[in-house]
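S.K.: Below is a structure I'd like to ask you about.
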Amino acid sequence: MTENRTIEPDALNEGARLLFDLAEAMREQYRGVGEDYTATADRFAGLLPAGSSALSDFEKRWSGYEYKDMVENVTALAEYLAVFAADAEAVEDYIAADFNRLADPALFGTEIRAAAVDTHSAATTYDGPR
Amino acid sequence: MQWSDLAGADLAPLSDLADKWRGYTAHLEEYGSVLAEDVAKKLGEDVFEGADAAAARDRVARLRAVITGDVLERAVSVRDGLSTAYEALQAELEEHAAVEADAGDLRLRIQNDGAVVRIEQTVLGTDAAAALNQQITTLAQRVADCMGRFEAADANLAHRLQGAIEEPSKLPLPIGENPDIRDIPTGPGHVADWWAGLDPMEQAAYLEAFPEFLGGLDGMPADARNTANEATLASEIDSLDAEITSIEAQLAALEAGGDHMMTAGRGETMETEEYRDLQARLEELQGKRDDATGLQENIETLERDGRDVYLLDYSLDDDGQAVVAIGNPDTADNTAVHVPGTYSELSNYSTQLDRASVMYKDAERAAPGEETAVIAWLGYDAPDDLAQASDPQQAHDATGDLNSFMNGLDAAHQGDDSHTTLMGHSYGSTVAGDTIRNYEGVADDLITVASPGTTANSAEELNLAEDHIWSATAEGDAIELPQDLGLLGHDSTSDGFGGNAVTADAIGASGSEIHGGYWKDLDENGDGVPDRPNSARTNIANIITGQYDDVETVG
């Protein structure tokens, strides 16, 4: 199945940048919540009612909540858009199989991803299609 | 927890953490806003078009919905739980201090277990002793109440905090992550709900990962099952081709080297065991390949004729099986499921598709304004001979799968319920009848065509009202003998059975031809030109489309 489609790389790149920024903000929050729980548990030491079931082992009450899933989800979507944008100039007609190729985690680890995105920066430094 | 545990406790860190959670929930709302406003604007149809673009937009919308829905709700629960718990627990710490102060004023001491005792054992007068005892009792009650409320607030907070950890995330599977087959639920209703809750990217990931499993999973939508089964069928054909090529090469090599023959004694030769085994394997594979490509070709033929066709299930094992729908059962107003009978197998499945196609066209004519789907359900091992056809066991074995399939149709249907008819021809009517006899809510109507029996002795044994049970047998049909024998239940067209016997024309020169003539046209004046459909067809179309008043009954 081949379908013609419009792909504006610049718009997709901007969308990808927003998502990378969002993922980075989430990652910071994720760390922040964990640190707050640890700090709370530390502060509770010696201050707690000894038999409390809720307040003892308080640091174990934080399992990362869902921040980790959110970060992974948003990052993967950003990468997906960035890869699409990177290929847009060379490939105008996508077939359905391209979706799976682009969504292949192995691909995300290759030079295509490296060329497409700079994951070390909160705001991507990706400058548009190759 | 003991009374002394509350002494000196400081819950200020809890209050501070509750404040932090207020910040977290605000951030979650911001995330939703970024996704809904900023990101979505960059992915409009004017800049990103096509199925993948639509899937990306759906993913953005799904993330926003989950983050500002389920994730936020649970964060709010933690935030409020912390705030509420802090206030409740702090109140009890204050009560603890007040009780201790009152006890001190009365020269009383509260022990760890909550018991209140006198500090000084001076001798008191009767009245003074009674008054002090009353004060001790009151104080002990305050201690017990305070501890009880503290423990309840503590347990409530523990529950809130644990709930946020234990609930599984409703966030979608990240792109590129391999889905887990253990996340797929069982039962058609659960399957339909699960699938509807996935976004297109997740659905694509599951179909890519588990096409063989999902293609036959009842409760999955017809288009997804079709996608999965078409992919699996094409893959199986490729594998069969590769194996056939390999075996042909092995046979050729044996022949070229003269290694395919051996001496059998007295100067005679015979094929080697290896050669014979390879030939047998080749024949088996070629048979499967013919079945598989035949199924593909039959579907393509229907599609070329403009039909909307869905491969809902298939198997190349043993005699082969297939379940194909003409028309989309997920959107159809009327759905008929036809179960074929003895001798049915994948190699002759085209006959069933032809009959389904005839019934589809008849239904379209009967109710032109309605959408109909007709399904040829060869989802069981049909009898291979008359001896097997005299035994209800293969029907019994099929009822669970057929019931599950029917439930799956119901679960996957969009909008209002479809009017559903289960019908069977010959031994297929035994399968259909036995399913209706054993399960409730399978279908709205049952039609048996040339039935040797439904395994029931009367309509009362079937889980349907009598006016929704229909039977057709043409005069002279070869099935009349088995009907008389009653090996598979009483003849459903007989007067004593109940239900409705409907008219059917006898088309064919022999009992066996008449048995297969229900989907043919009738040449009434013998001029070689068909004049009208078999009346059984007209009746079937009217029942399928719920036009009961137009059904022509016998007598």
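Going through the structure tokens in order, the chains are called A, B, and so on, while each chain numbers its residues from 1 and the ligands are numbered from 1 in the order shown.
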Could you please select, counting only C-alpha atoms, the residues of chain B within 6 Å of chain A and state them as an MDAnalysis selection string?

M.R.: chainID B and resid 1 5:6 9:10 13 39 42 47:50 154 157:158 174:176

S.K.: Go ahead and write the residues just picked, N, CA and C atoms, as a compact mmCIF listing (two decimals), in the first residue's frame.

M.R.:
# COMPACT_ATOMS: atom_id res chain seq x y z
N MET B 1 0.90 0.04 66.99
CA MET B 1 1.39 1.35 67.41
C MET B 1 1.02 1.56 68.88
N ASP B 5 4.56 6.06 71.08
CA ASP B 5 5.10 6.32 69.75
C ASP B 5 4.74 7.72 69.25
N LEU B 6 3.62 8.24 69.75
CA LEU B 6 3.16 9.54 69.26
C LEU B 6 3.88 10.70 69.95
N ALA B 9 6.48 13.08 68.02
CA ALA B 9 6.42 12.92 66.57
C ALA B 9 6.24 14.28 65.91
N ASP B 10 6.87 14.42 64.72
CA ASP B 10 6.80 15.69 63.99
C ASP B 10 6.43 15.37 62.54
N PRO B 13 7.52 17.18 57.75
CA PRO B 13 7.96 16.72 56.43
C PRO B 13 6.79 16.27 55.55
N VAL B 39 2.36 21.07 20.69
CA VAL B 39 2.79 19.97 19.81
C VAL B 39 1.76 19.70 18.73
N LYS B 42 1.90 21.69 15.65
CA LYS B 42 2.99 21.42 14.71
C LYS B 42 2.73 20.20 13.85
N VAL B 47 0.72 19.89 7.35
CA VAL B 47 2.17 19.66 7.32
C VAL B 47 2.54 18.18 7.45
N PHE B 48 1.59 17.36 7.85
CA PHE B 48 1.91 15.94 8.07
C PHE B 48 0.66 15.14 7.73
N GLU B 49 0.76 14.39 6.64
CA GLU B 49 -0.43 13.78 6.09
C GLU B 49 -0.22 12.28 5.93
N GLY B 50 -1.27 11.52 6.08
CA GLY B 50 -1.19 10.08 5.86
C GLY B 50 -1.51 9.29 7.12
N ASP B 154 -3.63 6.83 59.44
CA ASP B 154 -2.37 6.24 58.98
C ASP B 154 -2.64 5.17 57.92
N LEU B 157 -3.79 6.73 54.64
CA LEU B 157 -2.67 7.30 53.88
C LEU B 157 -1.86 6.17 53.21
N ALA B 158 -1.64 5.10 53.96
CA ALA B 158 -0.90 3.96 53.40
C ALA B 158 -1.62 3.43 52.16
N PRO B 174 5.35 2.74 24.50
CA PRO B 174 6.18 3.69 23.73
C PRO B 174 6.51 3.14 22.35
N ILE B 175 6.61 4.03 21.38
CA ILE B 175 6.92 3.63 20.00
C ILE B 175 8.23 2.84 20.00
N GLY B 176 8.23 1.74 19.29
CA GLY B 176 9.46 0.96 19.17
C GLY B 176 9.63 -0.07 20.26

S.K.: When DSSP is applied to the backbone of this structure, which of region 112-260 of chain B are assigned alpha helix (DSSP H)? Write them out as a PyMOL selection string.

M.R.: chain B and resi 126-166+188-196+200-209+211-215+222-256

S.K.: Work out how far apart CA of Asp218 (chain B) and CA of Asn407 (chain B) are and give it in Å to one decimal.

M.R.: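 Atom-to-atom, CA of Asp218 (chain B) and CA of Asn407 (chain B) are spaced 7.5 Å apart.
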
S.K.: Using only C-alpha atoms, which protein or nucleic acid residues come within 8 Å of Gly408 (chain B)? Drop anything in the same chain fewer than 6 positions from it, and give the result as number ranges by chain.

M.R.: B: 188-189, 192, 218-220

S.K.: Hey, can you spit out that residue selection with N, CA and C atoms as a compact mmCIF listing (two decimals), in the first residue's frame?

M.R.:
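This went into result.txt:
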# COMPACT_ATOMS: atom_id res chain seq x y z
N PRO B 188 -13.78 -12.65 24.80
CA PRO B 188 -14.09 -11.70 23.72
C PRO B 188 -14.40 -10.28 24.20
N GLY B 189 -15.17 -10.16 25.27
CA GLY B 189 -15.51 -8.82 25.77
C GLY B 189 -14.29 -8.05 26.22
N ALA B 192 -12.16 -7.06 23.19
CA ALA B 192 -12.71 -5.91 22.46
C ALA B 192 -12.41 -4.61 23.21
N ASP B 218 -11.04 -13.99 19.21
CA ASP B 218 -12.42 -13.50 19.20
C ASP B 218 -12.54 -12.25 20.06
N GLY B 219 -13.25 -11.26 19.51
CA GLY B 219 -13.38 -9.96 20.16
C GLY B 219 -12.57 -8.89 19.45
N MET B 220 -11.60 -9.34 18.62
CA MET B 220 -10.84 -8.38 17.80
C MET B 220 -11.73 -7.89 16.66

S.K.: Please identify all polymer residues within 9 Å of Asn229 (chain B), counting only C-alpha atoms, omitting same-chain residues fewer than 2 positions from it, and present them as an MDAnalysis selection string.

M.R.: chainID B and resid 211:212 214:216 224:227 231:234 311:314
